[in-house]
Amino acid sequence: MATLTPDRKRALRTELEGILGRGAVLSDPDELLVYESDGLTLFRALADFVVFPTSAEHVSQVVKLANREGLPFVARGAGTGLSGGCLPAEGGIVLSLMRMSRVLEVDYDNQLAVVEPGLVNLHLSWKVGPKGYYYAPDPSSQQACTIGGNIANNSGGPHTLKYGVTTNHVLGLEVVMPDGEIVWLGGKTRESQGYDLVGVFVGSEGTFGIATKIVVRILKKPQAVKTVLAVFDEVDQASAAVSEIIARGLVPAAVEMIDQLTIGAVEDAFGCGYPRDAAAALLVELDGLAVGMETQAERIVAACRDAGARDVRSAKDEAERQLLWKGRKSAFGAYGRVSPAYMVMDGVIPRTKLPYVLRRVNEIVGAAGLRVGNVFHAGDGNLHPNILYDPRKPGEEARVVAAGAEIMKVCADVGGSISGEHGIGLEKADFMPFIFSAADLALMQKLKNAFNPTGLCNPGKVFPTRKSCGEAGPTAYRPHPIEEQGLAQRF
Amino acid sequence: MQAAVLEKLRGIVGTPHVLTGIELSPFVVEGRTPEAAVFPGGVDEVRAVVTLAAESEVPVIAWGGGTAAAAGMPAPRPGLVLGLKRLDRVVEHEPGDLTVTVEAGRTMAALQSTLHERGQWLSLDPPDAERATIGGIVATNASGPRRHLYGTARDLLIGVTVVTADGALVRGGGKVVKNVAGYDLPKLFVGSCGTLGVIVELTVKLRPRPDDERLVVAPFDRLKDAGSAVRAVMASDLIPNALDLCDAEALRPLGMVGAPAALLVGFDGVAEQVAWQIEELKRLVQAAGGEEPRVLPSDRWPRLATAAADAFDGAGAIMRLCVLPTQVSDVMEQGSALARARGLASAWTAHAGVGVLTGALSLGGRRDDVGAVADVLRGWRGIAQAFAGYAVLDVAPLALKDAVGVWDEAGAAGRIMERIKHELDPRNVLNPGRFVGNI
């Protein structure tokens, strides 16, 4: 890590202001503090500069300057990430893309839009909504997170069960490569010749370059939506219902599970109508044609009943549907009612392993003397155990981190993955060997070398062999500023 | 190939699984006979073969069903055919997970038949299902009409195991449907044509088979009107699983003579959904000036993807053009007119909703007139480029490949591809010289 002398830092600040204009460069430690972590406040690291480019040309010039100086650099969107992926782990320059937030073009006939990376996810759906379209990937931070950040993390959301994750909706990218060259990967057409560079760039966690224009698909809004709530006395029954639904040839838009502890917290906070005495509830959403919706809903109801549901009902109107979803989406905020702090885990397992893994999660957390709330994307096996704890109690946070690692190991052992949507970043870099061999990681490193041979573009992420992380390292939980403002919950 | 190398190959896979001399005739591509063909019986044998070939500086050409053996530029020198037909097991199919892990050499038809037994399918429908292998389909990114709704291999492949140029066994992705751990290696191997690794095993997402499915055809007097109907369908509430456009020549092999153009639309789902959508389509087609849509027998599905190629006996050249959906009928009209002006017949199909066209050019009596034919193909590519798209020459005689080039301009992205190739296969062992940018 390069340490800048005060003189050098002043000179570089002047040069950066020359590129970006005044008011687009931060270098005072007080100002930099805002950018020291993302949504995972466990890790902190300070940059030398935070800059606010407004064009690809700006980004390119800053990147070229960073290369010349040997300074690491990293792109940042809204900072809602949950793995420390956008932290300046080794100092250097943070490029905040929040001033590149325009929708540049919408082509409704061809169902695509061209946007800038700093555009807030939900704002794209707002923009195209009046004409009956929407942008499908819906991470729960979608009120705050940016499409550029979604590209880096290949973000998911509840409705990815039917519609896929970010990578399934990206057609092309204008990218500032780690050497500053501006190139197009893919374009507006559905496929491009040669290697799928868009496919490998999406989800590369900011280590392959910085996307400055993004071509995404927009979808027609479904004609009809139907939401079913199924209530169970046993968690295993709810898990079995997920498999039953799949086995009956149904692909719902979303299948979400909420356990008893979470229901209690949600009901305390919002009163959404979930029964407190249920061991678990499933929220199942169907969408598509209005015709045939009842037939499919009947099959969902039958599948849940056969799995042992004690009560299954459909939301009778849009208000009730919204209330049920509010319970689901606000669950994380509601944990504040029952615990001073919590840490969200993100792991994926084959759907059929749900009963076993949920039991193991409870055992692991129980053995650590802690409590866990589960609220997650059951339909695609994406778990989010939330371990509740009190950061003021000495040693408790360390037990949370240890239990989290054990849960990741369980996910790996049943043939799953250590991240479904939050990414590896700093948090899970050392867990990568749970699921990848040295040969697997070596190939990933070669791929990285092809894009980012100097390693200056977002160093210290994804790979387990970490260099010194500077200031980055586990610290006590603090709510993220946007959580405190109620703008986003963790999902 | 040196006798010593051949002997070692026999030692690795067993003598009956090494073919030489006259036995190689099924593996002759564009007049070039490979040095040998080997058929490993397991992943370790694949690794040993690749390692030996790399040491001996013999190019390795992964071979599934051979349905795309001539894809790409002609091989600059003969190599070793590495056949995967013995790796054809279903490794794991857990219906409740909606995933299957399968070895690369299993044919698509055999895989689908295993899945159908449990009421599921892999939603990928490229032609030649009886011969094409799942590994080959992924390596060439082959697709069919249902891609309109269900996407292509990139949307379905969640895990891949490959043998890399240094003989290492590498796994990318995993077995779960949602996974962001590490780089998305499955994407890297989709469409990589065996230039980065030999795919030996894959895990794909599955779907339940729908209750009902129908393919409907709506003839039009004017191609332009059919193009407008494509737009109308896309803007409607309908959720077709296929939205294809054919010109008159391509309709003949589908058994429809006389119509200048037709829209072919697929619907699936519960029966009442399919029925409602067909009625709704009738309304949209009528408004666009088309004839009453009618349901086709389901055996027409597999013929959709090859209709352009099937239009002529021994079609001379087949080009794939990628543009935007709204440009499809214009590209078809311009491409067809360009061929006609040179006295050549052409047949056109398109997965119109995704903007992917196939143009087949009949050489007729002009087989030796390379200049004229090449002009037409270059013209087609020019049309695609004028619409900000691109064109790839999928099938053509050698002289035409040389004259026109198989691949389109790759630009700056091509340089990144070259760097990837150099990082993963620095000695240029895997299927060299045939891919984009001379990779």
# chains A, B, ... in the order shown; residues from 1 in each chain; ligands from 1
call {"tool": "closest_atom_pairs", "arguments": {"of": "chain B", "to": "chain A", "cutoff": "7 Å", "atoms": "only C-alpha atoms", "output": "JSON lines"}}
result
{"residue": "B:Gly96", "atom": "CA", "partner": "A:Ser243", "partner_atom": "CA", "distance": 5.4}
{"residue": "B:Asp97", "atom": "CA", "partner": "A:Arg351", "partner_atom": "CA", "distance": 5.3}
{"residue": "B:Asp155", "atom": "CA", "partner": "A:Asn168", "partner_atom": "CA", "distance": 6.2}
{"residue": "B:Ala168", "atom": "CA", "partner": "A:Ala439", "partner_atom": "CA", "distance": 6.7}
{"residue": "B:Leu169", "atom": "CA", "partner": "A:Ala439", "partner_atom": "CA", "distance": 7.0}
{"residue": "B:Val170", "atom": "CA", "partner": "A:Asp440", "partner_atom": "CA", "distance": 4.9}
{"residue": "B:Arg171", "atom": "CA", "partner": "A:Asp440", "partner_atom": "CA", "distance": 5.7}
{"residue": "B:Gly172", "atom": "CA", "partner": "A:Asp440", "partner_atom": "CA", "distance": 6.8}
{"residue": "B:Lys175", "atom": "CA", "partner": "A:Gly415", "partner_atom": "CA", "distance": 6.5}
{"residue": "B:Val176", "atom": "CA", "partner": "A:Pro350", "partner_atom": "CA", "distance": 5.6}
{"residue": "B:Val177", "atom": "CA", "partner": "A:Asp380", "partner_atom": "CA", "distance": 6.3}
{"residue": "B:Lys178", "atom": "CA", "partner": "A:Gly420", "partner_atom": "CA", "distance": 5.2}
{"residue": "B:Asn179", "atom": "CA", "partner": "A:Gly420", "partner_atom": "CA", "distance": 4.4}
{"residue": "B:Val180", "atom": "CA", "partner": "A:Gly420", "partner_atom": "CA", "distance": 5.4}
{"residue": "B:Ala181", "atom": "CA", "partner": "A:Ser419", "partner_atom": "CA", "distance": 5.3}
{"residue": "B:Gly182", "atom": "CA", "partner": "A:Val462", "partner_atom": "CA", "distance": 6.4}
{"residue": "B:Tyr183", "atom": "CA", "partner": "A:Ser204", "partner_atom": "CA", "distance": 5.6}
{"residue": "B:Asp184", "atom": "CA", "partner": "A:Val200", "partner_atom": "CA", "distance": 5.4}
{"residue": "B:Leu185", "atom": "CA", "partner": "A:Val200", "partner_atom": "CA", "distance": 6.9}
{"residue": "B:Lys187", "atom": "CA", "partner": "A:Gly199", "partner_atom": "CA", "distance": 5.4}
{"residue": "B:Leu188", "atom": "CA", "partner": "A:Asp196", "partner_atom": "CA", "distance": 5.9}
{"residue": "B:Gly191", "atom": "CA", "partner": "A:Tyr195", "partner_atom": "CA", "distance": 6.4}
{"residue": "B:Ser192", "atom": "CA", "partner": "A:Tyr195", "partner_atom": "CA", "distance": 5.7}
{"residue": "B:Pro208", "atom": "CA", "partner": "A:Gly249", "partner_atom": "CA", "distance": 4.6}
{"residue": "B:Arg209", "atom": "CA", "partner": "A:Gly249", "partner_atom": "CA", "distance": 6.8}
{"residue": "B:Arg231", "atom": "CA", "partner": "A:Asp109", "partner_atom": "CA", "distance": 6.7}
{"residue": "B:Asp237", "atom": "CA", "partner": "A:Gln223", "partner_atom": "CA", "distance": 6.4}
{"residue": "B:Val270", "atom": "CA", "partner": "A:Gly292", "partner_atom": "CA", "distance": 6.5}
{"residue": "B:Glu272", "atom": "CA", "partner": "A:Gly292", "partner_atom": "CA", "distance": 5.9}
{"residue": "B:Gln273", "atom": "CA", "partner": "A:Gly292", "partner_atom": "CA", "distance": 5.5}
{"residue": "B:Cys322", "atom": "CA", "partner": "A:Thr189", "partner_atom": "CA", "distance": 6.3}
{"residue": "B:Val323", "atom": "CA", "partner": "A:Thr189", "partner_atom": "CA", "distance": 5.6}
{"residue": "B:Leu324", "atom": "CA", "partner": "A:Thr189", "partner_atom": "CA", "distance": 5.8}
{"residue": "B:Pro325", "atom": "CA", "partner": "A:Asn110", "partner_atom": "CA", "distance": 6.0}
{"residue": "B:Thr326", "atom": "CA", "partner": "A:Asn110", "partner_atom": "CA", "distance": 6.5}
{"residue": "B:Val354", "atom": "CA", "partner": "A:Arg190", "partner_atom": "CA", "distance": 6.1}
{"residue": "B:Gly389", "atom": "CA", "partner": "A:Thr189", "partner_atom": "CA", "distance": 6.6}
{"residue": "B:Ala412", "atom": "CA", "partner": "A:Val183", "partner_atom": "CA", "distance": 6.0}
{"residue": "B:Ala413", "atom": "CA", "partner": "A:Leu185", "partner_atom": "CA", "distance": 6.0}
{"residue": "B:Ile416", "atom": "CA", "partner": "A:Ala450", "partner_atom": "CA", "distance": 6.8}
{"residue": "B:Met417", "atom": "CA", "partner": "A:Tyr195", "partner_atom": "CA", "distance": 6.5}
{"residue": "B:Arg419", "atom": "CA", "partner": "A:Ala450", "partner_atom": "CA", "distance": 5.2}
{"residue": "B:Ile420", "atom": "CA", "partner": "A:Ala450", "partner_atom": "CA", "distance": 5.2}
{"residue": "B:Glu423", "atom": "CA", "partner": "A:Lys446", "partner_atom": "CA", "distance": 5.6}
{"residue": "B:Leu424", "atom": "CA", "partner": "A:Lys446", "partner_atom": "CA", "distance": 6.5}
{"residue": "B:Val436", "atom": "CA", "partner": "A:Gly194", "partner_atom": "CA", "distance": 5.6}
call {"tool": "write_last_selection", "arguments": {"atoms": "C-alpha atoms", "output": "short mmCIF file (atom, residue, chain, number, x, y, z; two decimals), in the first residue's frame"}}
result
data_model
loop_
_atom_site.label_atom_id
_atom_site.label_comp_id
_atom_site.auth_asym_id
_atom_site.auth_seq_id
_atom_site.Cartn_x
_atom_site.Cartn_y
_atom_site.Cartn_z
CA GLY B 96 -36.95 -31.43 -5.87
CA ASP B 97 -33.90 -29.26 -6.55
CA ASP B 155 -29.23 -18.60 -18.34
CA ALA B 168 -6.03 -29.48 -14.29
CA LEU B 169 -9.58 -30.29 -13.27
CA VAL B 170 -11.44 -27.08 -12.52
CA ARG B 171 -14.95 -26.57 -11.20
CA GLY B 172 -16.82 -23.32 -11.62
CA LYS B 175 -25.05 -27.12 -7.93
CA VAL B 176 -27.33 -24.47 -6.49
CA VAL B 177 -29.53 -22.20 -8.56
CA LYS B 178 -28.31 -18.99 -6.97
CA ASN B 179 -24.62 -18.49 -6.37
CA VAL B 180 -22.31 -15.48 -6.43
CA ALA B 181 -19.24 -17.08 -4.82
CA GLY B 182 -16.23 -16.28 -6.98
CA TYR B 183 -16.22 -15.40 -10.65
CA ASP B 184 -18.96 -16.75 -12.87
CA LEU B 185 -16.88 -19.41 -14.63
CA LYS B 187 -20.43 -18.04 -18.31
CA LEU B 188 -16.82 -18.14 -19.46
CA GLY B 191 -19.84 -20.48 -26.39
CA SER B 192 -16.08 -20.79 -25.91
CA PRO B 208 -41.28 -28.60 -14.79
CA ARG B 209 -42.87 -29.71 -18.06
CA ARG B 231 -43.97 -5.89 -32.14
CA ASP B 237 -49.84 -9.35 -22.22
CA VAL B 270 -52.00 -24.72 -18.01
CA GLU B 272 -56.75 -22.49 -20.17
CA GLN B 273 -53.74 -20.16 -20.46
CA CYS B 322 -27.97 -10.55 -34.45
CA VAL B 323 -29.89 -7.28 -34.40
CA LEU B 324 -32.74 -5.79 -32.40
CA PRO B 325 -36.22 -7.40 -32.52
CA THR B 326 -37.80 -4.42 -34.28
CA VAL B 354 -34.79 -11.82 -29.53
CA GLY B 389 -25.54 -5.72 -34.90
CA ALA B 412 -11.58 -3.89 -28.18
CA ALA B 413 -13.55 -6.78 -26.65
CA ILE B 416 -9.72 -8.89 -23.89
CA MET B 417 -10.70 -12.29 -25.29
CA ARG B 419 -5.79 -11.97 -23.13
CA ILE B 420 -8.14 -14.50 -21.53
CA GLU B 423 -3.84 -16.59 -19.62
CA LEU B 424 -5.75 -19.88 -19.73
CA VAL B 436 -13.00 -14.97 -32.77
#
call {"tool": "select_by_dssp", "arguments": {"residues": "segment 214-370 of chain A", "states": "helix (DSSP H, G or I)", "output": "compact mmCIF listing (two decimals) with C-alpha atoms, in the first residue's frame"}}
result
# COMPACT_ATOMS: atom_id res chain seq x y z
CA VAL A 235 -40.43 -25.71 10.31
CA ASP A 236 -39.88 -29.06 8.59
CA GLN A 237 -43.42 -28.91 7.18
CA ALA A 238 -42.73 -25.50 5.66
CA SER A 239 -39.49 -26.82 4.16
CA ALA A 240 -41.32 -29.83 2.74
CA ALA A 241 -43.97 -27.55 1.24
CA VAL A 242 -41.28 -25.81 -0.82
CA SER A 243 -40.37 -29.14 -2.42
CA GLU A 244 -44.04 -30.05 -2.84
CA ILE A 245 -44.71 -26.85 -4.77
CA ILE A 246 -41.76 -27.53 -7.07
CA ALA A 247 -42.76 -31.18 -7.49
CA GLN A 260 -41.40 -17.83 14.49
CA LEU A 261 -38.84 -15.51 16.03
CA THR A 262 -39.03 -13.27 12.98
CA ILE A 263 -42.82 -13.34 12.92
CA GLY A 264 -42.86 -12.20 16.53
CA ALA A 265 -40.56 -9.30 15.77
CA VAL A 266 -42.52 -8.29 12.69
CA GLU A 267 -45.85 -8.44 14.48
CA ASP A 268 -44.48 -6.38 17.38
CA ALA A 269 -43.27 -3.77 14.93
CA MET A 293 -54.07 -17.99 -12.04
CA GLU A 294 -56.77 -19.63 -9.91
CA THR A 295 -55.85 -23.08 -11.20
CA GLN A 296 -52.25 -22.52 -10.17
CA ALA A 297 -53.18 -20.99 -6.83
CA GLU A 298 -55.28 -24.05 -6.05
CA ARG A 299 -52.25 -26.24 -6.67
CA ILE A 300 -50.15 -24.12 -4.33
CA VAL A 301 -52.79 -24.38 -1.64
CA ALA A 302 -53.02 -28.15 -2.11
CA ALA A 303 -49.24 -28.54 -1.98
CA CYS A 304 -49.03 -26.59 1.27
CA ARG A 305 -51.92 -28.49 2.85
CA ASP A 306 -50.42 -31.83 1.87
CA GLU A 318 -53.68 -5.46 -2.98
CA ALA A 319 -53.67 -3.83 0.48
CA GLU A 320 -53.41 -7.17 2.23
CA ARG A 321 -50.77 -8.32 -0.25
CA GLN A 322 -48.70 -5.22 0.44
CA LEU A 323 -49.06 -5.75 4.18
CA LEU A 324 -47.78 -9.32 3.94
CA TRP A 325 -44.82 -8.19 1.86
CA LYS A 326 -44.15 -5.39 4.26
CA GLY A 327 -43.79 -7.98 7.00
CA ARG A 328 -41.34 -9.91 4.86
CA LYS A 329 -39.34 -6.92 3.68
CA ALA A 331 -38.19 -8.23 8.99
CA PHE A 332 -34.61 -7.09 9.37
CA GLY A 333 -35.55 -3.75 10.78
CA ALA A 334 -37.95 -5.50 13.15
CA TYR A 335 -35.14 -7.49 14.76
CA GLY A 336 -34.30 -4.25 16.53
CA ARG A 337 -37.36 -5.00 18.69
CA ARG A 351 -33.77 -26.88 -1.85
CA THR A 352 -34.22 -30.47 -0.74
CA LYS A 353 -31.65 -29.97 2.05
CA LEU A 354 -33.70 -27.22 3.74
CA PRO A 355 -35.03 -29.28 6.70
CA TYR A 356 -31.60 -30.64 7.60
CA VAL A 357 -29.74 -27.35 7.22
CA LEU A 358 -32.29 -25.29 9.16
CA ARG A 359 -31.98 -27.77 12.03
CA ARG A 360 -28.19 -27.50 11.90
CA VAL A 361 -28.36 -23.70 11.86
CA ASN A 362 -30.46 -23.73 15.02
CA GLU A 363 -28.10 -26.20 16.69
CA ILE A 364 -24.99 -24.19 15.81
CA VAL A 365 -26.39 -20.89 16.98
CA GLY A 366 -27.89 -22.48 20.08
CA ALA A 367 -24.54 -24.04 20.98
call {"tool": "select_by_dssp", "arguments": {"residues": "segment 86-234 of chain A", "states": "strand (DSSP E or B)", "output": "PyMOL selection string"}}
result
chain A and resi 93-96+103-107+112-115+120+133-134+146+170-176+182-186+210-217+219-220+224-232
call {"tool": "write_last_selection", "arguments": {"atoms": "N, CA and C atoms", "output": "compact mmCIF listing (two decimals), in the first residue's frame"}}
result
# COMPACT_ATOMS: atom_id res chain seq x y z
N ILE A 93 -7.97 5.37 -4.02
CA ILE A 93 -9.06 6.22 -4.48
C ILE A 93 -10.37 5.45 -4.54
N VAL A 94 -11.41 6.02 -3.94
CA VAL A 94 -12.77 5.50 -4.11
C VAL A 94 -13.45 6.36 -5.17
N LEU A 95 -13.97 5.70 -6.21
CA LEU A 95 -14.73 6.44 -7.23
C LEU A 95 -16.21 6.24 -6.92
N SER A 96 -16.84 7.25 -6.35
CA SER A 96 -18.28 7.17 -6.10
C SER A 96 -19.00 7.50 -7.41
N VAL A 103 -30.92 7.85 -16.59
CA VAL A 103 -31.43 6.88 -17.56
C VAL A 103 -31.14 7.51 -18.92
N LEU A 104 -30.27 6.92 -19.70
CA LEU A 104 -29.83 7.55 -20.94
C LEU A 104 -30.78 7.28 -22.10
N GLU A 105 -31.42 6.12 -22.06
CA GLU A 105 -32.27 5.75 -23.19
C GLU A 105 -33.21 4.64 -22.75
N VAL A 106 -34.46 4.71 -23.20
CA VAL A 106 -35.37 3.58 -23.01
C VAL A 106 -35.95 3.23 -24.37
N ASP A 107 -35.82 1.98 -24.75
CA ASP A 107 -36.37 1.49 -26.02
C ASP A 107 -37.44 0.46 -25.66
N LEU A 112 -35.51 -2.64 -23.71
CA LEU A 112 -34.20 -2.43 -23.09
C LEU A 112 -34.04 -0.97 -22.67
N ALA A 113 -33.11 -0.77 -21.75
CA ALA A 113 -32.79 0.58 -21.30
C ALA A 113 -31.28 0.70 -21.15
N VAL A 114 -30.78 1.92 -21.39
CA VAL A 114 -29.36 2.19 -21.18
C VAL A 114 -29.28 3.16 -20.00
N VAL A 115 -28.54 2.75 -18.98
CA VAL A 115 -28.50 3.56 -17.76
C VAL A 115 -27.06 3.77 -17.30
N VAL A 120 -30.29 4.46 -9.05
CA VAL A 120 -30.87 3.60 -8.02
C VAL A 120 -31.78 2.57 -8.69
N TYR A 133 -43.81 -1.30 -17.85
CA TYR A 133 -42.61 -2.12 -17.79
C TYR A 133 -41.96 -2.02 -16.40
N TYR A 134 -41.01 -2.92 -16.13
CA TYR A 134 -40.24 -2.84 -14.89
C TYR A 134 -38.91 -3.53 -15.08
N THR A 146 -27.59 0.76 -6.17
CA THR A 146 -27.49 1.22 -7.55
C THR A 146 -27.33 0.04 -8.50
N VAL A 170 -28.72 -8.33 -18.10
CA VAL A 170 -27.75 -7.37 -18.62
C VAL A 170 -27.31 -7.79 -20.01
N LEU A 171 -27.40 -6.86 -20.96
CA LEU A 171 -27.03 -7.16 -22.34
C LEU A 171 -25.66 -6.61 -22.70
N GLY A 172 -25.34 -5.44 -22.18
CA GLY A 172 -24.08 -4.82 -22.58
C GLY A 172 -23.57 -3.86 -21.53
N LEU A 173 -22.27 -3.61 -21.58
CA LEU A 173 -21.64 -2.72 -20.60
C LEU A 173 -20.57 -1.88 -21.29
N GLU A 174 -20.59 -0.59 -21.00
CA GLU A 174 -19.42 0.23 -21.31
C GLU A 174 -18.57 0.20 -20.05
N VAL A 175 -17.31 -0.19 -20.21
CA VAL A 175 -16.47 -0.43 -19.05
C VAL A 175 -15.18 0.39 -19.16
N VAL A 176 -14.80 1.01 -18.06
CA VAL A 176 -13.44 1.55 -17.96
C VAL A 176 -12.58 0.42 -17.39
N ILE A 182 -11.47 2.66 -22.34
CA ILE A 182 -12.93 2.55 -22.34
C ILE A 182 -13.34 1.56 -23.43
N VAL A 183 -14.01 0.47 -23.05
CA VAL A 183 -14.40 -0.53 -24.04
C VAL A 183 -15.86 -0.91 -23.84
N TRP A 184 -16.47 -1.44 -24.91
CA TRP A 184 -17.82 -2.00 -24.80
C TRP A 184 -17.75 -3.51 -24.75
N LEU A 185 -18.43 -4.11 -23.80
CA LEU A 185 -18.61 -5.55 -23.74
C LEU A 185 -20.08 -5.80 -24.06
N GLY A 186 -20.34 -6.67 -25.03
CA GLY A 186 -21.74 -6.87 -25.43
C GLY A 186 -22.30 -5.59 -26.01
N ILE A 210 -14.66 -0.84 -14.19
CA ILE A 210 -15.77 -0.03 -13.69
C ILE A 210 -16.77 0.19 -14.83
N ALA A 211 -17.99 -0.31 -14.65
CA ALA A 211 -19.01 -0.13 -15.67
C ALA A 211 -19.51 1.32 -15.64
N THR A 212 -19.55 1.96 -16.80
CA THR A 212 -19.99 3.35 -16.86
C THR A 212 -21.30 3.53 -17.64
N LYS A 213 -21.65 2.54 -18.46
CA LYS A 213 -22.99 2.51 -19.07
C LYS A 213 -23.44 1.06 -19.04
N ILE A 214 -24.74 0.88 -18.82
CA ILE A 214 -25.26 -0.47 -18.64
C ILE A 214 -26.52 -0.62 -19.48
N VAL A 215 -26.54 -1.66 -20.33
CA VAL A 215 -27.75 -1.95 -21.11
C VAL A 215 -28.47 -3.11 -20.43
N VAL A 216 -29.68 -2.83 -19.97
CA VAL A 216 -30.45 -3.87 -19.28
C VAL A 216 -31.76 -4.15 -20.00
N ARG A 217 -32.28 -5.33 -19.78
CA ARG A 217 -33.61 -5.67 -20.29
C ARG A 217 -34.65 -5.09 -19.33
N LEU A 219 -38.83 -5.64 -18.50
CA LEU A 219 -39.88 -6.62 -18.76
C LEU A 219 -41.26 -5.98 -18.66
N LYS A 220 -42.19 -6.59 -19.39
CA LYS A 220 -43.60 -6.20 -19.24
C LYS A 220 -44.08 -6.59 -17.85
N ALA A 224 -51.30 -10.23 -13.88
CA ALA A 224 -51.93 -10.52 -12.58
C ALA A 224 -50.90 -11.04 -11.59
N VAL A 225 -51.17 -10.79 -10.31
CA VAL A 225 -50.30 -11.27 -9.23
C VAL A 225 -51.19 -11.86 -8.15
N LYS A 226 -50.76 -12.97 -7.59
CA LYS A 226 -51.53 -13.57 -6.50
C LYS A 226 -50.57 -14.01 -5.40
N THR A 227 -50.90 -13.64 -4.16
CA THR A 227 -50.01 -13.95 -3.04
C THR A 227 -50.73 -14.83 -2.03
N VAL A 228 -50.05 -15.92 -1.66
CA VAL A 228 -50.64 -16.90 -0.75
C VAL A 228 -49.78 -16.98 0.51
N LEU A 229 -50.44 -17.01 1.65
CA LEU A 229 -49.73 -17.19 2.92
C LEU A 229 -50.09 -18.57 3.47
N ALA A 230 -49.05 -19.38 3.73
CA ALA A 230 -49.26 -20.71 4.31
C ALA A 230 -48.60 -20.75 5.68
N VAL A 231 -49.34 -21.27 6.66
CA VAL A 231 -48.88 -21.23 8.05
C VAL A 231 -48.64 -22.66 8.53
N PHE A 232 -47.51 -22.87 9.21
CA PHE A 232 -47.12 -24.23 9.61
C PHE A 232 -46.80 -24.29 11.10
call {"tool": "closest_residue", "arguments": {"among": "A:Arg99, A:His384, A:Arg399, A:Lys9", "to": "Leu71 of chain A", "atoms": "only C-alpha atoms"}}
result
A:Lys9
call {"tool": "residues_around", "arguments": {"residues": "Ser125 of chain A", "least_positions_apart": "3", "cutoff": "7 Å", "atoms": "only C-alpha atoms", "output": "PyMOL selection string"}}
result
chain A and resi 122+128-129+134-135
call {"tool": "write_last_selection", "arguments": {"atoms": "C-alpha atoms", "output": "compact mmCIF listing (two decimals), in the first residue's frame"}}
result
# COMPACT_ATOMS: atom_id res chain seq x y z
CA LEU A 122 -35.95 1.14 -8.08
CA VAL A 128 -40.49 2.70 -17.13
CA GLY A 129 -43.46 1.83 -14.92
CA TYR A 134 -40.24 -2.84 -14.89
CA TYR A 135 -36.70 -3.91 -14.14
call {"tool": "closest_residue", "arguments": {"among": "A:Gly39, A:Pro6, A:Gly23, A:Pro53", "to": "Glu427 of chain A", "atoms": "only C-alpha atoms"}}
result
A:Gly39
call {"tool": "residues_around", "arguments": {"residues": "Pro95 of chain B", "least_positions_apart": "3", "cutoff": "7 Å", "atoms": "only C-alpha atoms", "output": "JSON, numbers by chain"}}
result
{"B": [98, 99, 118]}
call {"tool": "write_last_selection", "arguments": {"atoms": "N, CA and C atoms", "output": "PDB file, in the first residue's frame"}}
result
ATOM      1  N   LEU B  98     -34.729 -29.214  -8.841  1.00  0.00           N
ATOM      2  CA  LEU B  98     -34.840 -28.689 -10.202  1.00  0.00           C
ATOM      3  C   LEU B  98     -33.460 -28.457 -10.829  1.00  0.00           C
ATOM      4  N   THR B  99     -32.544 -29.367 -10.579  1.00  0.00           N
ATOM      5  CA  THR B  99     -31.220 -29.292 -11.206  1.00  0.00           C
ATOM      6  C   THR B  99     -30.805 -30.695 -11.617  1.00  0.00           C
ATOM      7  N   ARG B 118     -39.366 -37.773 -14.965  1.00  0.00           N
ATOM      8  CA  ARG B 118     -39.727 -37.147 -13.688  1.00  0.00           C
ATOM      9  C   ARG B 118     -40.511 -35.848 -13.891  1.00  0.00           C
TER      10      ARG B 118
END
call {"tool": "residues_around", "arguments": {"residues": "Tyr342 of chain A", "least_positions_apart": "5", "cutoff": "8 Å", "atoms": "only C-alpha atoms", "output": "PyMOL selection string"}}
result
chain A and resi 335+386-390
call {"tool": "atom_distance", "arguments": {"atom1": "atom CA of Val356 of chain B", "atom2": "atom CA of Arg415 of chain B"}}
result
24.7 Å
call {"tool": "atom_distance", "arguments": {"atom1": "atom CA of Val74 of chain A", "atom2": "atom CA of Gly404 of chain A"}}
result
26.9 Å
call {"tool": "residues_around", "arguments": {"residues": "Gly64 of chain B", "least_positions_apart": "5", "cutoff": "9 Å", "atoms": "only C-alpha atoms", "output": "number ranges by chain"}}
result
B: 69, 82-85, 104-107, 131-137
